[in-house]
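**Student:** Here it is: the structure, laid out below.
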Amino acid sequence: MTSYVPVDTLEKTEEALARVKAAQRIFSGYSQEKVDGIFLAGARAANRARIPLARLAAEETGMGVMEDKVIKNHFASERVFNHYRRTVTCGLAEEDKAQGWRKYYEPLGVVAAIIPTTNPTSTAIFKALLALKTRNGLMISPHPRAARSTIEAARVVLEAAVAAGAPEGIVGWIDKPALEISSLVLRECDVILATGGANMVKAAYSSGKPALGVGAGNVPALFDPTADVLLAVNSVILSKTFDNGMICASEQSVLIHEALYDRARAEFQRRGSWILSPGEKEALRAAMFVNGSLNARVVGQKAHRIAALAGFAVPESTPILIAEVESPEPEEEFAKEKLSPVLAMYRASDMDEAFRKAERMIEHGGYGHTAAIYADPLKAGDRLDEFIARAGTCRVVVNTPSAHGGIGDLFNFKLRPSLTLGCGSRGNNSVSENVGVEHLLNTKVVAERRDNMLWFRVPEKIYLKRGCLQTALEELKDVLGKKRAFVATDAFLYRSGMIRRITDKLDEMGLEREVFFDVEPDPTLSCAKRGAERMTLFQPDCVIAVGGGSAMDAAKIMWLIYESPESSFSDLAERFSDIRKRINRFPVLGRKAYFVAVPTTSGTGSEVTPFAVITDDESGLKHPLADYELLPRMAIIDPDLHMSAPKGLTANSGVDAVTHALEAYVSVMATEYTDALCLQALSLLFEYLPRAYERGAEDPEARERVANAATLAGMAFANAFLGVCHSMAHKLGAYHHLPHGLANALMIEEVVRFNASETTARQTAFSQYPRPRGLERYAEIADRLRLGGDSLKEKLERLLEAIALLKERVGIKETIADYVPNEADFLARLDSMSLDAFDDQCTGSNPRYPLIEEIKGMFLNAYYGKSRRKEI
């Protein structure tokens, strides 16, 4: 790209606009295929930069939560890309030859994008991607207090787009925002896409150019008598604390039917919310509102900091401050938009009163934006329809955290993902929808909460019981007609002669074979590439992975490279928030070779999972890849192959299996299908793992039961996924060279305590998971293991004691320090290790969404042990 000249004067702004217009004229002639490639490149680049951009935005503005800004950047890239990836935006869009009717799409020209300080990077990503998808040019006017982060987000997308073939200069920006410069951009562009405060939107509509501006939000959330109180309260907390309440669609007030009021109030308090006393309420009112306007010092701040500004103290863990009020009129400041974790709460004698108060709040502060209601659609009867009709908004979200529901795609399916939410004619806006690549009518959208479709996928064939190996291998030739088998294993199994059980049978059947035995522990990408090169030379129609998790993981990557040598590892290793909506898709595997997994250890479950963990030679980091294309087609669980496993391997792999079952059971993606597997696996492991460890081959029953348990746990987490324990174990193992199972063992008790917290406000945003349930789920495990205990907390403590005892019986020490004695080295790596663990693929399905500092706290607790443990 050419050297960049800062745009900080009127003359330079005119020159920048000319460059964008010239680039757009070229861009308008691009084909759909070329545009889609540019769109993909921009989305991919923004997704990869989601963490540094979030950190920059948080540091520059001093508002919100960095980790939540990561989610918003992820949303703006991944969800927006996924929604529009197949949308036609170029040339002929629809055609009815019988009627002689066609519709074409053409770009508008140059879009002036006004970016708010509340979402400086995610909104810039969102608008840049919309412009690229629609062949428009983009000129960005950042907020003065967020210019650096907004410009960096635009730069990331622009450079990727140009590298993919977009004209240079298709995206421009103002480096030093000023009134005269911004006014020039608004006058000279073709259309304005405005997100921000009321004055800014009014200026956009007054510019004389078409404008897509949005109004303020003042979302009321109503609790109908039929509402699920736990769902409602925890959804409000989830939404209201997200990025410290800065999303315009987050709840500003809750109006609760009196039949539910006391229960809802108690649940808010149980989850750590602070109900203001009369004195605290008045002190907060004075601090938050100056001459009737919101004090900018509270926007996007944590609850305890806002309380301190008002002169009183609340615990740092407090998620939201709640003011109990009565009036919905403009004179009541708490009835207005607050852009912070501060919530107004109303008691309603009946739903008509709730409707009337909600109407008033919408009219004087959020006309046309969003409203929310919690109700049982089957039991609420006409009340739900009445609220939908009476709400003067363009969005009504039902049983949904409104911040997440309003922006679309996270808790509903038909509401398009957007960070610019139109308010229609009610809010003096030109668009009533979530702004996207096309705008049609002034409409109202009702989006009811829906659970995501889930799945249960396992290998098509699983053989088990002692001696099943021979029979299973015969099927390769007799049933599947295979002729050439590539065996991937490690040097120990090869030299010990164990691999001959397979190679001799292949020879007997007349299959040609090749053995690759160069797989090392914690296999690297270079190792997998060497194996793939051997595969390519041999051209097998069957791949047989033999060994522990390392051999199977390496073989999966070899298979992937062999089947699809053009695939980019960095693309496939990219994180996703939803496996079905990932930006980078896996190629279809199995067209060249049938994959068979034969475990010789009991723990990883890799023989029945779509996961492969591989180490990047350059960075030293472990990358967990996940896709159902990596799922083996056949798994052979022959306990005869497990009998001679040494004690250390038995312990580490066995506790790894325990961790698989524990994490899958509390995962936000757990189902009845996976629950049964988890509970059975844990029952077997707690009973038989100590025997397998102590007696080895002398106790074949224990060996077989542990082998079965490991595979059961594998099938469970193959479908429910894992959690933050594995995220931290991947990084602990990579940074300090600890075996994976041991790393999990050192972290699991900390994670159990973390997930079992009753006061956490930060549950993972997954529509199937309506409220924090970690404590309940761990208590269910304790019941299955018959550990006793009268209360949920007592059952939790019994489970933690049982885990500690199991680890002790298999020779695992208590702390990380026992294995990593260099404290200075551990502390020096801690920040990087914590950030990498946060970004690990397994974090997304953990029931409690962890902040980086909380991960760091768990690492420290696990390092020092009970003597210096702190609550997270």
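Every chain in the structure tokens takes a letter, A first, then B, and so on in the order presented; its residues are numbered from 1, and the ligands are numbered from 1 following the presented order.
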Could you list, as a VMD selection string, every residue within 10 Å of Asp262 in chain A, counting only C-alpha atoms and ignoring same-chain residues fewer than 6 positions away?
**Tutor:** chain A and resid 256 268 347
**Student:** Got time to write the residues from that selection, N, CA, C and O atoms, as a compact mmCIF listing (two decimals), in the first residue's frame?
**Tutor:**
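selection.txt was written with the following content:
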```
# COMPACT_ATOMS: atom_id res chain seq x y z
N ILE A 256 -41.94 -5.44 37.26
CA ILE A 256 -42.21 -6.80 37.72
C ILE A 256 -43.60 -6.87 38.34
O ILE A 256 -43.94 -6.08 39.24
N PHE A 268 -32.14 -11.33 42.44
CA PHE A 268 -31.14 -10.33 42.10
C PHE A 268 -30.09 -10.24 43.21
O PHE A 268 -28.87 -10.20 42.95
N ARG A 347 -42.35 -2.15 40.89
CA ARG A 347 -43.36 -3.13 41.27
C ARG A 347 -44.67 -2.72 40.57
O ARG A 347 -45.11 -1.58 40.69
```
**Student:** Can you pull out the residues contacting Leu738 in chain A? Cut-off 9 Å, using only C-alpha atoms, and skip same-chain residues under 5 positions away; I want them as a PyMOL selection string.
**Tutor:** chain A and resi 729+732-733+743+819-820
**Student:** Using DSSP on the backbone, list every residue of range 720-777 of chain A that comes out as alpha helix (DSSP H), and give them as an MDAnalysis selection string.
**Tutor:** chainID A and resid 720 724:736 740:755 774:777
**Student:** For Val88 in chain A, work out the shell of residues within 12 Å, counting only C-alpha atoms and skipping chain neighbours fewer than 5 positions away, then give it as a list in words.
**Tutor:**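 Final neighbour list, sorted by chain and number: Ser31, Gln32, Glu33, Val35, Asp36, His83, Ala93, Glu94, Lys103, Tyr104, Tyr105, Glu106, Lys133, Thr134, Arg135, Val437 and Glu438 of chain A.
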**Student:** For a test of reading the model, state the distance in Å between CA of Arg495 in chain A and CA of Leu464 in chain A, rounded to one decimal.
**Tutor:** 25.4 Å
**Student:** Return the single residue from A:Arg449, A:Arg582, A:Lys209, A:His736 that is closest to Tyr374 in chain A, with distances computed using only C-alpha atoms.
**Tutor:**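 Answer, going by the shortest atom-to-atom distance: A:Arg449.
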**Student:** Fewer than 6 positions away in the same chain doesn't count, so skip those; otherwise give me all residues within 10 Å of Asp617 in chain A, counting only C-alpha atoms, as a PyMOL selection string.
**Tutor:** chain A and resi 523-527
**Student:** Have a look at A:Gln252, A:Ser606, A:Asn584, A:Thr671 and name the one nearest to Arg85 in chain A; count only C-alpha atoms.
**Tutor:**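 Answer, going by the shortest atom-to-atom distance: A:Asn584.
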**Student:** Please identify which residues in range 21-231 of chain A DSSP calls strand (DSSP E or B) from the backbone, and express them as a ChimeraX atom specification.
**Tutor:** /A:91-96,101-105,110-114,137-141,171-173,191-194,211-213,219-223
**Student:** Would you mind telling me which residue in A:Ala716, A:Glu854, A:Ala804, A:Ser653 lies nearest to Leu677 in chain A when using only C-alpha atoms?
**Tutor:** A:Ala716
**Student:** Excluding Asn412 in chain A and residues on its chain fewer than 5 positions from it, collect all residues at most 7 Å away from it, counting only C-alpha atoms, and give them as a list in words.
**Tutor:**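 Contacts, in chain order: Gly405, Ala447, Glu448, Arg449 and Arg450 of chain A.
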**Student:** Kindly save the residues from that selection, with N, CA, C and O atoms included, as a PDB file, in the first residue's frame.
**Tutor:**
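Ended up saving to again-v6.pdb:
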```pdb
ATOM      1  N   GLY A 405     -30.058 -10.103  22.597  1.00  0.00           N
ATOM      2  CA  GLY A 405     -31.168 -10.374  21.695  1.00  0.00           C
ATOM      3  C   GLY A 405     -31.370  -9.289  20.676  1.00  0.00           C
ATOM      4  O   GLY A 405     -31.677  -9.555  19.505  1.00  0.00           O
ATOM      5  N   ALA A 447     -38.805 -11.222  18.170  1.00  0.00           N
ATOM      6  CA  ALA A 447     -37.822 -12.300  18.182  1.00  0.00           C
ATOM      7  C   ALA A 447     -37.932 -13.064  19.488  1.00  0.00           C
ATOM      8  O   ALA A 447     -37.584 -12.541  20.537  1.00  0.00           O
ATOM      9  N   GLU A 448     -38.458 -14.285  19.438  1.00  0.00           N
ATOM     10  CA  GLU A 448     -38.558 -15.116  20.633  1.00  0.00           C
ATOM     11  C   GLU A 448     -37.290 -15.937  20.815  1.00  0.00           C
ATOM     12  O   GLU A 448     -36.672 -16.357  19.850  1.00  0.00           O
ATOM     13  N   ARG A 449     -36.976 -16.141  22.038  1.00  0.00           N
ATOM     14  CA  ARG A 449     -35.778 -16.917  22.363  1.00  0.00           C
ATOM     15  C   ARG A 449     -35.947 -18.350  21.867  1.00  0.00           C
ATOM     16  O   ARG A 449     -37.002 -18.964  22.015  1.00  0.00           O
ATOM     17  N   ARG A 450     -34.878 -18.889  21.309  1.00  0.00           N
ATOM     18  CA  ARG A 450     -34.862 -20.265  20.854  1.00  0.00           C
ATOM     19  C   ARG A 450     -33.524 -20.907  21.213  1.00  0.00           C
ATOM     20  O   ARG A 450     -32.494 -20.251  21.131  1.00  0.00           O
TER      21      ARG A 450
END
```
**Student:** Could you tell me which of A:Ala734, A:Leu682, A:Asp839, A:Ile855 comes closest to Met747 in chain A if we count only C-alpha atoms?
**Tutor:**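 For Met747 in chain A, the nearest of the candidates is A:Ile855.
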